[in-house]
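Structure, as structure tokens:
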Amino acid sequence: MNQKIIIAIDGYSSSGKSTLAKAISKKLKYKYIDSGAIYRSIALFAIRKKIFDSDLWNTQNFISLLKEINLKFKWNKKYNRTDIFLNEENIQSKIRSEKVTTKVSLIAQLPEVREKLTFMQRNIGKNKGIVIDGRDVGNYVFPKSELKIFMKGSIEIRSYRRYQDLKKRGEEVSYEEVKKNLIYRDIMDTSRKISPLKKSADSIEIDNTFMSMEEQLNLIFQLIHKKKNK
Ligand code: DC
């Protein structure tokens with residue numbers, strides 16, 4: 001049978017989840033959901049509301065602002081990609097900055113934020129036919145996903161990839177700073193009380209430290225083929 005499935009890709013920061021997820025969604029003509037983009041959008045909103053400007057970052061005050069947030073994904077024909085909109089403003093190019101990256105883990109640990117964003121993701125995926133990447137998508141958001149992948153890679157390779165990415169975008173950062181932030185995010189992602197990053201028993205682990213993109217895609221398409229034709 002060739003029915004539509006949910007493909008959930010979780011893993012460490014900068015482990016290549018999104019590149020892989022995008023390539024799969026393109027080939028299968030599935031919707032791609034970048035769940036990290038949703039968390040980043042909330043962090044951008046919090047930065048703009050100056051939530052982090054005082055020494056004491058006041059969680060309760062921030063939570064009361066959550067109802068002002070309306071997020072949507074829309075297809076961008078010009079760049080052939082899905083962009084994220086915060087209250088009708090296209091913020092796709094603003095959510096990858098180091099400023100957002102350093103604050104997003106604080107936002108991602110709030111139960112009220114996770115509840116709102118889990119609801120949003122389940123709604124987008126209710127008809128299946130999606131590839132979604134994140135930290136808790138296989139374990140928590142879509143626990144019945146037909147295919148669950150868990151991605152990892154050495155801290156050095158992940159830092160190098162992210163560093164190259166930021167340099168390409170013209171951001172002034174050093175390799176050491178990027179590595180420090182990745183180590184911090186790994187700790188925050190895996191030690192968070194709610195929905196921490198964790199490989200589930202039914203997910204397939206891919207360590208891509210020494211794997212090319214082509215090798216990863218070949219492996220994943222073999223797995224998809226098996227699942228879709230079960
Ligand atoms: O995938 P990313 O680096 O763009 O994600 C940014 C942050 O969002 C990451 O540090 C943790 C958080 N996140 C999360 O808690 N749960 C998800 N499903 C996706 C991202």
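Residue numbering restarts at 1 for every chain of the structure tokens, chains are lettered A, B, ... in their displayed order, and ligands are numbered from 1 as they appear.
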Review point. What's the 9 Å shell around Ile7 of chain A, counting only C-alpha atoms, without same-chain residues fewer than 4 positions away, as a list in words?
Key: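 Close residues of Ile7 of chain A: Ala21, Lys128, Gly129, Ile130, Val131, Ile132, Asp133, Gly138, Ser145, Glu146, Leu147, Lys148, Ile149 and Ile224 of chain A.
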Same residues, C-alpha atoms, saved as a compact mmCIF listing (two decimals), in the first residue's frame:
```txt
# COMPACT_ATOMS: atom_id res chain seq x y z
CA ALA A 21 13.87 16.55 6.04
CA LYS A 128 -0.36 12.89 7.57
CA GLY A 129 1.94 13.30 4.56
CA ILE A 130 4.45 15.35 6.55
CA VAL A 131 8.14 15.33 7.33
CA ILE A 132 8.77 17.09 10.62
CA ASP A 133 12.05 17.73 12.40
CA GLY A 138 8.75 11.31 17.45
CA SER A 145 4.75 8.34 13.42
CA GLU A 146 5.35 5.51 10.98
CA LEU A 147 9.05 6.37 10.65
CA LYS A 148 11.16 7.87 13.42
CA ILE A 149 14.76 8.91 12.84
CA ILE A 224 10.67 4.81 3.77
```
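With only C-alpha atoms taken into account, the protein and nucleic acid residues at most 10 Å from segment 191-201 of chain A (excluding it and anything under 3 positions from it in its own chain) are Asp10, Gly11, Tyr12, Ser105, Leu106, Ala108, Gln109, Leu110, Pro111, Arg114, Gly134, Arg135, Asp136, Val137, Gly138, Asn139, Tyr140, Val141, Pro143, Lys148, Ile149, Phe150, Met151, Arg185, Asp186, Ile187, Met188, Ile204 and Glu205 of chain A.
Using only C-alpha atoms, the protein and nucleic acid residues lying no more than 8 Å from segment 172-175 of chain A, apart from those fewer than 2 places from it along its own chain, are Ser159, Tyr160, Tyr163, Leu166, Lys167, Gly170, Glu177, Val178 and Lys179 of chain A.
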Put those residues in a file: C-alpha atoms, as an mmCIF file, in the first residue's frame.
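See part.cif below for the written result:
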```cif
data_model
loop_
_atom_site.group_PDB
_atom_site.id
_atom_site.type_symbol
_atom_site.label_atom_id
_atom_site.label_comp_id
_atom_site.auth_asym_id
_atom_site.auth_seq_id
_atom_site.Cartn_x
_atom_site.Cartn_y
_atom_site.Cartn_z
ATOM 1 C CA SER A 159 29.931 23.121 15.167
ATOM 2 C CA TYR A 160 31.828 23.332 11.898
ATOM 3 C CA TYR A 163 29.886 27.964 11.747
ATOM 4 C CA LEU A 166 26.553 31.526 9.815
ATOM 5 C CA LYS A 167 29.617 32.774 7.954
ATOM 6 C CA GLY A 170 27.514 37.181 7.022
ATOM 7 C CA GLU A 177 31.556 30.621 20.199
ATOM 8 C CA VAL A 178 29.428 28.421 17.952
ATOM 9 C CA LYS A 179 30.759 25.278 19.635
#
```
If we count only C-alpha atoms, what is near Ser154 of chain A at a cut-off of 12 Å, once residues fewer than 4 positions away on the same chain are taken out, given as a tab-separated table (two decimals) with N, CA, C and O atoms, in the first residue's frame?
```tsv
chain	number	residue	atom	x	y	z
A	12	TYR	N	20.14	16.12	17.66
A	12	TYR	CA	20.90	17.22	18.23
A	12	TYR	C	20.91	18.43	17.29
A	12	TYR	O	20.70	18.29	16.07
A	13	SER	N	21.18	19.62	17.85
A	13	SER	CA	21.28	20.84	17.06
A	13	SER	C	22.35	20.68	15.99
A	13	SER	O	23.41	20.09	16.26
A	14	SER	N	22.07	21.21	14.81
A	14	SER	CA	23.01	21.18	13.68
A	14	SER	C	23.47	19.77	13.31
A	14	SER	O	24.60	19.57	12.88
A	15	SER	N	22.59	18.79	13.49
A	15	SER	CA	22.97	17.43	13.07
A	15	SER	C	22.50	17.14	11.65
A	15	SER	O	22.59	16.00	11.19
A	16	GLY	N	21.99	18.16	10.97
A	16	GLY	CA	21.60	17.99	9.58
A	16	GLY	C	20.16	17.52	9.40
A	16	GLY	O	19.78	17.04	8.32
A	158	ARG	N	29.34	19.13	13.92
A	158	ARG	CA	28.13	19.95	14.00
A	158	ARG	C	28.49	21.44	14.15
A	158	ARG	O	27.87	22.30	13.53
A	159	SER	N	29.51	21.73	14.98
A	159	SER	CA	29.93	23.12	15.17
A	159	SER	C	30.47	23.69	13.85
A	159	SER	O	30.18	24.83	13.49
A	160	TYR	N	31.24	22.87	13.15
A	160	TYR	CA	31.83	23.33	11.90
A	160	TYR	C	30.73	23.66	10.87
A	160	TYR	O	30.76	24.70	10.22
A	161	ARG	N	29.74	22.76	10.77
A	161	ARG	CA	28.64	22.99	9.82
A	161	ARG	C	27.90	24.28	10.14
A	161	ARG	O	27.61	25.07	9.27
A	179	LYS	N	30.63	26.56	18.94
A	179	LYS	CA	30.76	25.28	19.63
A	179	LYS	C	30.22	25.40	21.07
A	179	LYS	O	29.49	24.51	21.55
A	182	LEU	N	26.50	25.40	21.01
A	182	LEU	CA	25.94	24.07	20.71
A	182	LEU	C	26.00	23.16	21.94
A	182	LEU	O	25.05	22.43	22.22
A	183	ILE	N	27.12	23.23	22.66
A	183	ILE	CA	27.25	22.41	23.89
A	183	ILE	C	26.16	22.81	24.89
A	183	ILE	O	25.47	21.98	25.47
A	186	ASP	N	22.83	21.50	23.66
A	186	ASP	CA	22.73	20.04	23.87
A	186	ASP	C	22.32	19.75	25.31
A	186	ASP	O	21.45	18.91	25.57
A	206	ILE	N	20.81	7.62	13.20
A	206	ILE	CA	21.79	7.87	12.13
A	206	ILE	C	22.87	8.80	12.69
A	206	ILE	O	22.57	9.92	13.10
A	207	ASP	N	24.10	8.31	12.74
A	207	ASP	CA	25.22	9.16	13.12
A	207	ASP	C	25.90	9.56	11.82
A	207	ASP	O	26.50	8.73	11.13
A	208	ASN	N	25.77	10.85	11.47
A	208	ASN	CA	26.26	11.26	10.14
A	208	ASN	C	27.62	11.96	10.17
A	208	ASN	O	27.97	12.67	9.23
A	209	THR	N	28.38	11.71	11.26
A	209	THR	CA	29.71	12.35	11.36
A	209	THR	C	30.54	12.07	10.10
A	209	THR	O	31.19	12.97	9.57
A	210	PHE	N	30.49	10.83	9.64
A	210	PHE	CA	31.30	10.48	8.46
A	210	PHE	C	30.43	10.08	7.27
A	210	PHE	O	30.87	9.31	6.42
A	211	MET	N	29.21	10.57	7.21
A	211	MET	CA	28.33	10.17	6.11
A	211	MET	C	28.05	11.34	5.18
A	211	MET	O	27.81	12.46	5.65
```
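Taking atom CA of Ile47 of chain A as the reference point, atom CA of Phe119 of chain A is found at 23.0 Å.
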Check your understanding: Closest to Arg40 of chain A among A:Glu98, A:Asp165, A:Asp202, A:Glu176, using only C-alpha atoms?
Key ->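 Looking at the shortest contact to Arg40 of chain A, the residue is A:Glu98.
Excluding Asn127 of chain A and any residue on its chain fewer than 2 positions from it, the residues at most 12 Å away by only C-alpha atoms are Gln3, Lys4, Ile5, Ile6, Tyr30, Lys31, Gln121, Arg122, Asn123, Ile124, Gly125, Gly129 and Ile130 of chain A.
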